[in-house]
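K.L.:
Here you go, input_23.cif (mmCIF, C-alpha atoms):
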```
data_start
loop_
_atom_site.group_PDB
_atom_site.id
_atom_site.type_symbol
_atom_site.label_atom_id
_atom_site.label_comp_id
_atom_site.auth_asym_id
_atom_site.auth_seq_id
_atom_site.Cartn_x
_atom_site.Cartn_y
_atom_site.Cartn_z
ATOM 1 C CA MET P 8 8.391 -1.485 1.984
ATOM 2 C CA GLY P 9 6.638 -4.791 2.515
ATOM 3 C CA SER P 10 5.483 -7.316 5.123
ATOM 4 C CA ALA P 11 5.302 -10.402 2.900
ATOM 5 C CA LEU P 12 8.900 -11.410 2.233
ATOM 6 C CA ASP P 13 8.223 -14.099 -0.375
ATOM 7 C CA ILE P 14 5.874 -11.851 -2.375
ATOM 8 C CA LEU P 15 8.355 -8.981 -2.107
ATOM 9 C CA LYS P 16 11.127 -11.230 -3.465
ATOM 10 C CA ALA P 17 8.932 -12.467 -6.328
ATOM 11 C CA GLY P 18 8.014 -8.886 -7.293
ATOM 12 C CA ASN P 19 11.706 -8.020 -7.172
ATOM 13 C CA PRO P 20 11.644 -4.208 -6.901
ATOM 14 C CA PRO P 21 14.947 -2.309 -7.341
ATOM 15 C CA ARG P 22 15.291 -1.880 -3.571
ATOM 16 C CA ALA P 23 13.083 -2.836 -0.639
ATOM 17 C CA ALA P 24 12.742 -2.926 3.129
ATOM 18 C CA PHE P 25 11.026 -5.856 4.857
ATOM 19 C CA LEU P 26 9.089 -5.378 8.107
ATOM 20 C CA ASP P 27 8.106 -8.686 9.750
ATOM 21 C CA TYR P 28 4.671 -7.544 10.964
ATOM 22 C CA PRO P 29 1.187 -8.984 10.290
ATOM 23 C CA LEU P 30 -0.405 -7.807 7.020
ATOM 24 C CA GLY P 31 -2.088 -4.433 7.409
ATOM 25 C CA HIS P 32 0.878 -2.912 9.292
ATOM 26 C CA THR P 33 3.353 -2.240 6.488
ATOM 27 C CA THR P 34 4.605 0.957 8.129
ATOM 28 C CA GLY P 35 4.108 0.260 11.843
ATOM 29 C CA LYS P 36 1.721 -0.209 14.747
ATOM 30 C CA PRO P 37 -1.321 2.066 15.277
ATOM 31 C CA HIS P 38 -0.912 5.197 17.379
ATOM 32 C CA GLN P 39 2.806 4.645 17.926
ATOM 33 C CA PRO P 40 4.283 7.644 16.101
ATOM 34 C CA GLU P 41 7.788 7.214 17.536
ATOM 35 C CA LEU P 42 7.949 3.604 16.358
ATOM 36 C CA GLN P 43 6.430 4.565 12.975
ATOM 37 C CA ARG P 44 9.077 7.256 12.621
ATOM 38 C CA GLU P 45 11.936 4.890 13.478
ATOM 39 C CA ILE P 46 10.659 2.248 11.021
ATOM 40 C CA MET P 47 10.364 4.854 8.259
ATOM 41 C CA ILE P 48 13.817 6.319 8.888
ATOM 42 C CA GLN P 49 15.412 2.877 8.684
ATOM 43 C CA ALA P 50 13.429 1.994 5.546
ATOM 44 C CA LEU P 51 14.266 5.295 3.808
ATOM 45 C CA GLU P 52 17.894 4.785 4.654
ATOM 46 C CA GLY P 53 17.754 1.958 2.103
ATOM 47 C CA PHE P 54 17.589 4.577 -0.674
ATOM 48 C CA THR P 55 21.269 5.265 -0.022
ATOM 49 C CA SER P 56 22.589 2.082 1.635
ATOM 50 C CA LEU P 57 21.243 -0.448 -0.879
ATOM 51 C CA THR P 58 23.492 -0.561 -3.919
ATOM 52 C CA VAL P 59 22.604 -3.867 -5.603
ATOM 53 C CA PRO P 60 19.360 -4.210 -7.651
ATOM 54 C CA GLY P 61 16.825 -6.434 -5.896
ATOM 55 C CA GLN P 62 18.427 -6.148 -2.469
ATOM 56 C CA ILE P 63 16.068 -6.253 0.534
ATOM 57 C CA LYS P 64 16.900 -4.520 3.797
ATOM 58 C CA MET P 65 15.658 -6.599 6.741
ATOM 59 C CA LEU P 66 14.273 -4.213 9.360
ATOM 60 C CA PRO P 67 14.989 -5.306 12.966
ATOM 61 C CA PHE P 68 11.506 -4.653 14.434
ATOM 62 C CA ARG P 69 9.395 -7.546 15.757
ATOM 63 C CA TRP P 70 5.707 -7.801 16.680
ATOM 64 C CA ASP P 71 5.186 -8.365 20.461
ATOM 65 C CA ASP P 72 4.845 -12.117 20.115
ATOM 66 C CA GLU P 73 4.867 -14.236 17.002
ATOM 67 C CA ASP P 74 1.667 -16.249 17.513
ATOM 68 C CA TRP P 75 0.088 -14.361 14.612
ATOM 69 C CA LYS P 76 2.352 -16.248 12.232
ATOM 70 C CA ARG P 77 0.665 -19.576 12.924
ATOM 71 C CA THR P 78 -2.732 -18.456 11.717
ATOM 72 C CA ALA P 79 -1.808 -15.797 9.152
ATOM 73 C CA MET P 80 -3.523 -16.749 5.880
ATOM 74 C CA SER P 81 -3.943 -20.375 6.985
ATOM 75 C CA GLU P 82 -7.638 -20.436 7.777
ATOM 76 C CA GLY P 83 -9.321 -20.794 4.418
ATOM 77 C CA ASP P 84 -10.757 -17.986 2.372
ATOM 78 C CA ALA P 85 -12.580 -15.777 4.865
ATOM 79 C CA ARG P 86 -12.603 -12.734 2.644
ATOM 80 C CA THR P 87 -15.504 -10.565 1.584
ATOM 81 C CA PRO P 88 -17.304 -11.459 -1.673
ATOM 82 C CA ARG P 89 -16.070 -9.532 -4.722
ATOM 83 C CA HIS P 90 -18.696 -6.831 -5.206
ATOM 84 C CA ASP P 91 -18.159 -4.404 -8.045
ATOM 85 C CA THR P 92 -19.849 -1.534 -6.214
ATOM 86 C CA PRO P 93 -17.898 0.900 -3.977
ATOM 87 C CA GLN P 94 -17.361 -0.555 -0.493
ATOM 88 C CA TYR P 95 -17.598 2.464 1.801
ATOM 89 C CA GLN P 96 -16.208 2.318 5.323
ATOM 90 C CA THR P 97 -19.204 4.301 6.566
ATOM 91 C CA GLU P 98 -22.618 5.247 5.218
ATOM 92 C CA GLU P 99 -21.643 8.882 5.698
ATOM 93 C CA ASP P 100 -18.797 8.372 3.184
ATOM 94 C CA ARG P 101 -21.308 7.086 0.633
ATOM 95 C CA VAL P 102 -23.557 10.115 1.108
ATOM 96 C CA ARG P 103 -20.616 12.526 0.742
ATOM 97 C CA ALA P 104 -19.239 10.797 -2.360
ATOM 98 C CA GLU P 105 -22.654 10.731 -4.017
ATOM 99 C CA ALA P 106 -23.188 14.423 -3.174
ATOM 100 C CA ASN P 107 -19.800 15.238 -4.753
ATOM 101 C CA ALA P 108 -20.745 13.311 -7.887
ATOM 102 C CA THR P 109 -23.931 15.355 -8.217
ATOM 103 C CA VAL P 110 -22.115 18.655 -7.784
ATOM 104 C CA SER P 111 -19.408 17.815 -10.316
ATOM 105 C CA CYS P 112 -21.656 16.834 -13.245
ATOM 106 C CA GLU P 113 -22.037 19.834 -15.502
ATOM 107 C CA VAL P 114 -25.247 18.695 -17.144
ATOM 108 C CA CYS P 115 -27.057 16.212 -14.976
ATOM 109 C CA VAL P 116 -29.468 14.081 -16.936
ATOM 110 C CA VAL P 117 -32.028 12.204 -14.939
ATOM 111 C CA SER P 118 -34.094 9.710 -16.871
ATOM 112 C CA ALA P 119 -37.605 9.148 -15.593
ATOM 113 C CA MET U 12 13.571 -16.811 19.338
ATOM 114 C CA PRO U 13 12.157 -15.015 16.267
ATOM 115 C CA GLN U 14 10.298 -17.227 13.825
ATOM 116 C CA ALA U 15 10.910 -17.269 10.071
ATOM 117 C CA PRO U 16 8.774 -14.940 7.938
ATOM 118 C CA VAL U 17 5.348 -16.299 6.915
ATOM 119 C CA GLU U 18 5.336 -18.082 3.551
ATOM 120 C CA TYR U 19 2.269 -16.391 2.097
ATOM 121 C CA ILE U 20 2.605 -17.800 -1.406
ATOM 122 C CA ARG U 21 2.710 -21.386 -0.146
ATOM 123 C CA ARG U 22 -0.154 -20.871 2.307
ATOM 124 C CA ILE U 23 -2.403 -19.178 -0.237
ATOM 125 C CA THR U 24 -1.578 -21.844 -2.833
ATOM 126 C CA ASP U 25 -2.516 -24.560 -0.304
ATOM 127 C CA ASN U 26 -5.760 -22.749 0.593
ATOM 128 C CA TYR U 27 -6.793 -22.447 -3.040
ATOM 129 C CA ALA U 28 -6.059 -26.133 -3.632
ATOM 130 C CA LYS U 29 -8.155 -27.089 -0.580
ATOM 131 C CA LEU U 30 -11.045 -24.917 -1.756
ATOM 132 C CA GLY U 31 -10.823 -26.438 -5.232
ATOM 133 C CA TYR U 32 -9.829 -23.150 -6.896
ATOM 134 C CA LYS U 33 -7.557 -22.981 -9.893
ATOM 135 C CA ALA U 34 -3.909 -22.382 -8.933
ATOM 136 C CA TYR U 35 -3.073 -18.669 -8.898
ATOM 137 C CA GLN U 36 -0.366 -17.512 -11.265
ATOM 138 C CA TRP U 37 1.920 -15.475 -8.994
ATOM 139 C CA VAL U 38 3.912 -12.610 -10.376
ATOM 140 C CA ASN U 39 7.557 -13.504 -10.631
ATOM 141 C CA ASN U 40 10.117 -11.051 -11.965
ATOM 142 C CA PRO U 41 13.411 -12.953 -12.029
ATOM 143 C CA GLU U 42 15.285 -10.489 -14.263
ATOM 144 C CA VAL U 43 17.543 -7.867 -12.680
ATOM 145 C CA SER U 44 15.373 -4.900 -11.764
ATOM 146 C CA PRO U 45 16.099 -1.497 -13.316
ATOM 147 C CA TRP U 46 18.501 0.525 -11.208
ATOM 148 C CA THR U 47 18.953 4.251 -10.760
ATOM 149 C CA PRO U 48 21.151 5.435 -7.917
ATOM 150 C CA LEU U 49 19.831 8.286 -5.812
ATOM 151 C CA GLN U 50 20.925 11.511 -7.531
ATOM 152 C CA LYS U 51 21.030 13.700 -4.421
ATOM 153 C CA PRO U 52 20.624 13.350 -0.667
ATOM 154 C CA LEU U 53 17.153 12.363 0.552
ATOM 155 C CA SER U 54 17.057 15.669 2.452
ATOM 156 C CA GLN U 55 16.863 17.385 -0.969
ATOM 157 C CA CYS U 56 14.484 14.915 -2.630
ATOM 158 C CA LYS U 57 10.791 15.296 -3.404
ATOM 159 C CA LEU U 58 9.079 12.077 -2.361
ATOM 160 C CA GLY U 59 6.057 10.453 -3.982
ATOM 161 C CA LEU U 60 4.098 7.553 -2.545
ATOM 162 C CA VAL U 61 1.708 4.891 -3.749
ATOM 163 C CA ALA U 62 -0.092 2.632 -1.282
ATOM 164 C CA SER U 63 -2.221 -0.420 -2.077
ATOM 165 C CA GLY U 64 -4.233 -0.694 1.147
ATOM 166 C CA GLY U 65 -7.496 0.639 -0.328
ATOM 167 C CA ILE U 66 -7.176 4.085 1.257
ATOM 168 C CA TYR U 67 -9.560 6.838 0.167
ATOM 169 C CA ALA U 68 -10.520 10.201 1.630
ATOM 170 C CA THR U 69 -14.099 10.729 2.699
ATOM 171 C CA GLY U 70 -15.945 12.398 -0.167
ATOM 172 C CA GLN U 71 -14.173 10.205 -2.731
ATOM 173 C CA VAL U 72 -15.667 7.088 -4.283
ATOM 174 C CA ALA U 73 -14.513 4.011 -2.341
ATOM 175 C CA PHE U 74 -12.867 1.044 -4.063
ATOM 176 C CA HIS U 75 -14.825 -1.981 -5.178
ATOM 177 C CA PHE U 76 -13.529 -5.521 -4.841
ATOM 178 C CA LYS U 77 -13.690 -6.873 -8.371
ATOM 179 C CA ASP U 78 -10.358 -6.114 -10.040
ATOM 180 C CA ASP U 79 -10.650 -2.377 -9.336
ATOM 181 C CA THR U 80 -7.738 -0.830 -11.220
ATOM 182 C CA SER U 81 -8.666 2.755 -10.376
ATOM 183 C CA PHE U 82 -6.563 4.914 -8.093
ATOM 184 C CA ARG U 83 -7.331 7.839 -5.809
ATOM 185 C CA THR U 84 -5.351 11.072 -5.615
ATOM 186 C CA ILE U 85 -4.825 12.069 -1.997
ATOM 187 C CA PRO U 86 -3.480 15.589 -1.350
ATOM 188 C CA THR U 87 -0.572 15.378 1.089
ATOM 189 C CA THR U 88 -2.272 18.146 3.079
ATOM 190 C CA VAL U 89 -5.166 15.754 3.807
ATOM 191 C CA ARG U 90 -6.572 15.578 7.320
ATOM 192 C CA THR U 91 -5.628 12.158 8.683
ATOM 193 C CA THR U 92 -9.083 11.824 10.269
ATOM 194 C CA ASP U 93 -10.610 12.049 6.763
ATOM 195 C CA LEU U 94 -8.849 8.876 5.587
ATOM 196 C CA ARG U 95 -10.777 5.602 5.181
ATOM 197 C CA THR U 96 -10.043 2.100 3.875
ATOM 198 C CA ALA U 97 -11.852 -0.359 1.599
ATOM 199 C CA HIS U 98 -10.039 -3.653 1.014
ATOM 200 C CA PHE U 99 -11.101 -7.311 1.161
ATOM 201 C CA ALA U 100 -7.874 -9.113 1.888
ATOM 202 C CA TYR U 101 -6.462 -7.797 5.143
ATOM 203 C CA ASP U 102 -7.732 -6.968 8.616
ATOM 204 C CA GLN U 103 -8.458 -3.222 8.442
ATOM 205 C CA THR U 104 -9.061 -2.771 12.183
ATOM 206 C CA ASP U 105 -5.744 -1.035 12.882
ATOM 207 C CA ALA U 106 -5.645 0.855 9.565
ATOM 208 C CA ARG U 107 -9.031 2.366 10.408
ATOM 209 C CA LYS U 108 -7.801 3.367 13.877
ATOM 210 C CA ASP U 109 -4.622 4.912 12.507
ATOM 211 C CA PRO U 110 -4.176 5.087 8.705
ATOM 212 C CA ASN U 111 -0.441 5.631 9.250
ATOM 213 C CA VAL U 112 0.049 1.843 9.491
ATOM 214 C CA VAL U 113 -0.636 1.504 5.745
ATOM 215 C CA PHE U 114 -0.416 5.138 4.572
ATOM 216 C CA PRO U 115 2.367 6.869 6.560
ATOM 217 C CA ILE U 116 1.203 10.421 5.950
ATOM 218 C CA ASP U 117 1.867 11.897 9.408
ATOM 219 C CA THR U 118 5.190 10.072 9.632
ATOM 220 C CA LEU U 119 6.367 11.524 6.317
ATOM 221 C CA ARG U 120 5.093 15.044 7.046
ATOM 222 C CA ARG U 121 7.055 14.902 10.269
ATOM 223 C CA LEU U 122 10.227 13.736 8.513
ATOM 224 C CA VAL U 123 9.957 16.698 6.127
ATOM 225 C CA LYS U 124 9.720 19.048 9.115
ATOM 226 C CA GLU U 125 12.768 17.346 10.635
ATOM 227 C CA GLY U 126 14.706 17.761 7.386
ATOM 228 C CA VAL U 127 15.156 14.024 6.747
ATOM 229 C CA ILE U 128 13.166 14.291 3.482
ATOM 230 C CA GLY U 129 13.279 17.406 1.255
ATOM 231 C CA SER U 130 9.562 17.620 0.478
ATOM 232 C CA LEU U 131 6.476 15.586 -0.321
ATOM 233 C CA ALA U 132 4.734 15.599 -3.682
ATOM 234 C CA GLU U 133 1.500 17.579 -3.761
ATOM 235 C CA ASN U 134 -0.416 14.295 -4.015
ATOM 236 C CA PHE U 135 0.028 10.672 -3.018
ATOM 237 C CA TYR U 136 -1.778 7.825 -4.794
ATOM 238 C CA THR U 137 -3.722 4.866 -3.493
ATOM 239 C CA PHE U 138 -5.431 1.798 -4.909
ATOM 240 C CA MET U 139 -6.975 -1.453 -3.721
ATOM 241 C CA GLY U 140 -4.282 -4.071 -4.163
ATOM 242 C CA GLY U 141 -6.532 -7.137 -4.357
ATOM 243 C CA ILE U 142 -6.427 -7.147 -8.155
ATOM 244 C CA TYR U 143 -6.372 -10.719 -9.433
ATOM 245 C CA SER U 144 -5.190 -9.857 -12.918
ATOM 246 C CA SER U 145 -1.529 -8.883 -12.717
ATOM 247 C CA ARG U 146 -1.771 -8.105 -16.448
ATOM 248 C CA LYS U 147 -4.248 -5.301 -15.690
ATOM 249 C CA VAL U 148 -1.793 -3.878 -13.164
ATOM 250 C CA VAL U 149 1.187 -4.054 -15.505
ATOM 251 C CA ASP U 150 -0.600 -2.812 -18.645
ATOM 252 C CA ASP U 151 -3.048 -0.323 -17.134
ATOM 253 C CA LEU U 152 -2.618 0.772 -13.524
ATOM 254 C CA ALA U 153 1.186 0.921 -13.254
ATOM 255 C CA PRO U 154 1.710 3.027 -16.425
ATOM 256 C CA ARG U 155 -0.972 5.509 -15.285
ATOM 257 C CA LEU U 156 0.707 5.855 -11.892
ATOM 258 C CA THR U 157 4.117 6.253 -13.543
ATOM 259 C CA GLU U 158 2.698 9.112 -15.641
ATOM 260 C CA GLN U 159 1.488 10.806 -12.466
ATOM 261 C CA PHE U 160 4.905 10.547 -10.824
ATOM 262 C CA LEU U 161 6.663 11.911 -13.913
ATOM 263 C CA ALA U 162 4.219 14.842 -14.040
ATOM 264 C CA ASP U 163 4.720 15.425 -10.307
ATOM 265 C CA LYS U 164 8.504 15.537 -10.874
ATOM 266 C CA VAL U 165 9.310 13.417 -7.849
ATOM 267 C CA ASP U 166 12.862 12.204 -7.167
ATOM 268 C CA VAL U 167 11.954 9.052 -5.234
ATOM 269 C CA VAL U 168 8.808 6.977 -4.876
ATOM 270 C CA LEU U 169 7.931 4.889 -1.862
ATOM 271 C CA LEU U 170 5.688 1.868 -2.486
ATOM 272 C CA VAL U 171 3.581 0.753 0.460
ATOM 273 C CA PRO U 172 1.812 -2.504 -0.371
ATOM 274 C CA VAL U 173 -0.344 -4.468 2.055
#
```
Take the structure in this file and express it as structure tokens.

P.N.:
Amino acid sequence: MGSALDILKAGNPPRAAFLDYPLGHTTGKPHQPELQREIMIQALEGFTSLTVPGQIKMLPFRWDDEDWKRTAMSEGDARTPRHDTPQYQTEEDRVRAEANATVSCEVCVVSA
Amino acid sequence: MPQAPVEYIRRITDNYAKLGYKAYQWVNNPEVSPWTPLQKPLSQCKLGLVASGGIYATGQVAFHFKDDTSFRTIPTTVRTTDLRTAHFAYDQTDARKDPNVVFPIDTLRRLVKEGVIGSLAENFYTFMGGIYSSRKVVDDLAPRLTEQFLADKVDVVLLVPV
């Protein structure tokens, strides 16, 4: 499944379903389980209905209005700098992950 | 009147040119993709999934943003409220409210209950798709994921990029 049609075409997977939603919503809108289910059923249906390699099934769902298309990816590079350290969603996640790492090392060597 | 799909490749290429960056070498696979017809009805298939939206479960190490080619193994019994995201190239607001928009775990569990899909693999896989080097994906990440799917003996794999 994909929400960037040109990138999907360039990648050229054996079979695909395209959902014309803003990036970050490849499988639906948040907290709309009925819509998410319908999108998934129609996408999965491509496993049987698509019979030509590289074919893309165009899903019929639309975002409420299409204003998002004007600004999508057109406002410079506003992305986060490329850190090479884990980027936790919450501080609590960091604490948990670091606690797990401590538990899982069989012989923990701490250099002074 | 619906508008045409966004041309991401052109827009990103224009942005890079404006910012004075080197042109990005986009992946382009013009050859006919390998084809295997479905061997049995979806209602009898075991489904695997890989998603590139930077999803991890709390307790796991989050992704970093510098060509991170690692992946996380997410048990399909995971609690949805334990799912998190770490990604630099899309707006994560909705994904953090409801991970199902980039990692359709509840949707797929429901479709198994309804009999649309036979079963889910024991684990799904996730990575952070903002990897600049497509070579690292082709030579390193993709083969490791393929090995996982072969070991998991799945019949179909759903790819959920962002």

K.L.:
Which one is closest to P:Ile48: P:Glu105, P:Trp75, P:Met8, P:Gly18? Count all atoms listed in the file.

P.N.:
P:Met8

K.L.:
For the PyMOL selection byres ((chain P) within 8 of (chain U)), applied here, can you spell out every residue it catches as a PyMOL selection string?

P.N.:
chain P and resi 8-14+17-21+27+30-38+40+43-44+47+54-55+58+60-61+69+73+76+79-84+86-96+100-101+103-105+107

K.L.:
So the first atom is atom CA of P:Gln49 and the second is atom CA of P:Met65; what is the distance between them in Å, to one decimal place?

P.N.:
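Between atom CA of P:Gln49 and atom CA of P:Met65 the gap is 9.7 Å.
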
K.L.:
With the file shown as input, list the residues that the PyMOL selection byres ((chain U and resi 135-140) around 6) selects, as a ChimeraX atom specification.

P.N.:
/U:60-66,82-85,134,141-142

K.L.:
In file coordinates, which residues lie within 7 Å of (12.3, -4.9, 7.4) using all atoms listed in the file, given as a list in words?

P.N.:
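Residues lying no farther than 7 Å from the given point: Ala24, Phe25, Leu26, Asp27, Lys64, Met65, Leu66 and Pro67 of chain P.
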
K.L.:
Which distance in Å separates atom CA of U:Asp166 and atom CA of P:Arg22, to one decimal?

P.N.:
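According to the coordinates, atom CA of U:Asp166 and atom CA of P:Arg22 are separated by 14.7 Å.
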
K.L.:
Mind giving me the straight-line distance from atom CA of P:Ala23 to atom CA of U:Val89 in Å, one decimal?

P.N.:
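For atom CA of P:Ala23 relative to atom CA of U:Val89, the distance reads 26.4 Å.
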
K.L.:
For stretch 14-98 of chain U in the structure I just supplied, write out C-alpha atoms - as a PDB file, in the first residue's frame.

P.N.:
```pdb
ATOM      1  CA  GLN U  14      -7.003  16.854  -7.653  1.00  0.00           C
ATOM      2  CA  ALA U  15      -4.200  14.791  -9.189  1.00  0.00           C
ATOM      3  CA  PRO U  16      -1.904  12.919  -6.788  1.00  0.00           C
ATOM      4  CA  VAL U  17       1.010  14.942  -5.358  1.00  0.00           C
ATOM      5  CA  GLU U  18       4.224  14.660  -7.379  1.00  0.00           C
ATOM      6  CA  TYR U  19       6.583  14.008  -4.484  1.00  0.00           C
ATOM      7  CA  ILE U  20       9.646  13.224  -6.576  1.00  0.00           C
ATOM      8  CA  ARG U  21       9.407  16.507  -8.479  1.00  0.00           C
ATOM      9  CA  ARG U  22       8.713  18.558  -5.349  1.00  0.00           C
ATOM     10  CA  ILE U  23      11.557  17.016  -3.366  1.00  0.00           C
ATOM     11  CA  THR U  24      13.920  17.413  -6.330  1.00  0.00           C
ATOM     12  CA  ASP U  25      12.955  21.109  -6.573  1.00  0.00           C
ATOM     13  CA  ASN U  26      13.433  21.587  -2.811  1.00  0.00           C
ATOM     14  CA  TYR U  27      16.891  20.040  -2.882  1.00  0.00           C
ATOM     15  CA  ALA U  28      17.887  22.223  -5.835  1.00  0.00           C
ATOM     16  CA  LYS U  29      16.658  25.345  -4.000  1.00  0.00           C
ATOM     17  CA  LEU U  30      18.583  24.386  -0.865  1.00  0.00           C
ATOM     18  CA  GLY U  31      21.708  23.750  -2.932  1.00  0.00           C
ATOM     19  CA  TYR U  32      21.793  20.017  -2.141  1.00  0.00           C
ATOM     20  CA  LYS U  33      23.074  17.441  -4.568  1.00  0.00           C
ATOM     21  CA  ALA U  34      20.280  15.866  -6.643  1.00  0.00           C
ATOM     22  CA  TYR U  35      18.939  12.708  -4.996  1.00  0.00           C
ATOM     23  CA  GLN U  36      19.242   9.500  -6.969  1.00  0.00           C
ATOM     24  CA  TRP U  37      15.714   8.068  -6.789  1.00  0.00           C
ATOM     25  CA  VAL U  38      15.158   4.358  -6.915  1.00  0.00           C
ATOM     26  CA  ASN U  39      13.728   3.324 -10.237  1.00  0.00           C
ATOM     27  CA  ASN U  40      12.942  -0.298 -11.022  1.00  0.00           C
ATOM     28  CA  PRO U  41      11.773  -0.324 -14.642  1.00  0.00           C
ATOM     29  CA  GLU U  42      12.078  -4.093 -15.164  1.00  0.00           C
ATOM     30  CA  VAL U  43       8.993  -6.291 -14.802  1.00  0.00           C
ATOM     31  CA  SER U  44       8.632  -7.147 -11.129  1.00  0.00           C
ATOM     32  CA  PRO U  45       8.732 -10.795 -10.036  1.00  0.00           C
ATOM     33  CA  TRP U  46       5.283 -12.346  -9.997  1.00  0.00           C
ATOM     34  CA  THR U  47       3.793 -15.147  -7.942  1.00  0.00           C
ATOM     35  CA  PRO U  48       0.040 -15.617  -8.054  1.00  0.00           C
ATOM     36  CA  LEU U  49      -1.709 -16.176  -4.748  1.00  0.00           C
ATOM     37  CA  GLN U  50      -1.615 -19.931  -4.084  1.00  0.00           C
ATOM     38  CA  LYS U  51      -4.763 -20.121  -1.956  1.00  0.00           C
ATOM     39  CA  PRO U  52      -7.578 -17.852  -0.811  1.00  0.00           C
ATOM     40  CA  LEU U  53      -6.584 -15.000   1.509  1.00  0.00           C
ATOM     41  CA  SER U  54      -8.895 -16.536   4.124  1.00  0.00           C
ATOM     42  CA  GLN U  55      -6.378 -19.417   4.349  1.00  0.00           C
ATOM     43  CA  CYS U  56      -3.203 -17.319   4.146  1.00  0.00           C
ATOM     44  CA  LYS U  57      -0.775 -16.375   6.902  1.00  0.00           C
ATOM     45  CA  LEU U  58       0.003 -12.685   6.511  1.00  0.00           C
ATOM     46  CA  GLY U  59       3.270 -10.928   7.311  1.00  0.00           C
ATOM     47  CA  LEU U  60       3.772  -7.180   7.407  1.00  0.00           C
ATOM     48  CA  VAL U  61       6.619  -4.709   7.225  1.00  0.00           C
ATOM     49  CA  ALA U  62       6.035  -1.014   7.882  1.00  0.00           C
ATOM     50  CA  SER U  63       8.505   1.837   7.384  1.00  0.00           C
ATOM     51  CA  GLY U  64       6.929   4.490   9.618  1.00  0.00           C
ATOM     52  CA  GLY U  65       9.491   4.184  12.437  1.00  0.00           C
ATOM     53  CA  ILE U  66       7.194   2.207  14.740  1.00  0.00           C
ATOM     54  CA  TYR U  67       8.651   0.630  17.876  1.00  0.00           C
ATOM     55  CA  ALA U  68       7.127  -0.786  21.046  1.00  0.00           C
ATOM     56  CA  THR U  69       7.939   0.893  24.324  1.00  0.00           C
ATOM     57  CA  GLY U  70      10.849  -0.962  25.903  1.00  0.00           C
ATOM     58  CA  GLN U  71      12.591  -1.322  22.533  1.00  0.00           C
ATOM     59  CA  VAL U  72      15.380   0.934  21.311  1.00  0.00           C
ATOM     60  CA  ALA U  73      13.921   3.707  19.129  1.00  0.00           C
ATOM     61  CA  PHE U  74      15.216   4.398  15.619  1.00  0.00           C
ATOM     62  CA  HIS U  75      17.858   6.999  14.921  1.00  0.00           C
ATOM     63  CA  PHE U  76      17.765   9.279  11.901  1.00  0.00           C
ATOM     64  CA  LYS U  77      21.089   8.655  10.206  1.00  0.00           C
ATOM     65  CA  ASP U  78      20.593   5.816   7.724  1.00  0.00           C
ATOM     66  CA  ASP U  79      19.266   3.457  10.410  1.00  0.00           C
ATOM     67  CA  THR U  80      18.973   0.101   8.658  1.00  0.00           C
ATOM     68  CA  SER U  81      17.890  -1.800  11.764  1.00  0.00           C
ATOM     69  CA  PHE U  82      14.417  -3.239  12.157  1.00  0.00           C
ATOM     70  CA  ARG U  83      12.220  -4.007  15.148  1.00  0.00           C
ATOM     71  CA  THR U  84      10.279  -7.224  15.698  1.00  0.00           C
ATOM     72  CA  ILE U  85       6.782  -6.446  16.931  1.00  0.00           C
ATOM     73  CA  PRO U  86       4.721  -9.383  18.255  1.00  0.00           C
ATOM     74  CA  THR U  87       1.274  -9.303  16.654  1.00  0.00           C
ATOM     75  CA  THR U  88      -0.167  -9.689  20.159  1.00  0.00           C
ATOM     76  CA  VAL U  89       1.275  -6.263  21.058  1.00  0.00           C
ATOM     77  CA  ARG U  90      -0.873  -3.807  22.984  1.00  0.00           C
ATOM     78  CA  THR U  91      -1.664  -0.966  20.588  1.00  0.00           C
ATOM     79  CA  THR U  92      -1.137   1.564  23.396  1.00  0.00           C
ATOM     80  CA  ASP U  93       2.486   0.351  23.680  1.00  0.00           C
ATOM     81  CA  LEU U  94       3.320   1.415  20.112  1.00  0.00           C
ATOM     82  CA  ARG U  95       5.420   4.536  19.439  1.00  0.00           C
ATOM     83  CA  THR U  96       6.963   6.233  16.398  1.00  0.00           C
ATOM     84  CA  ALA U  97      10.353   7.775  15.606  1.00  0.00           C
ATOM     85  CA  HIS U  98      10.700   9.195  12.094  1.00  0.00           C
TER      86      HIS U  98
END
```
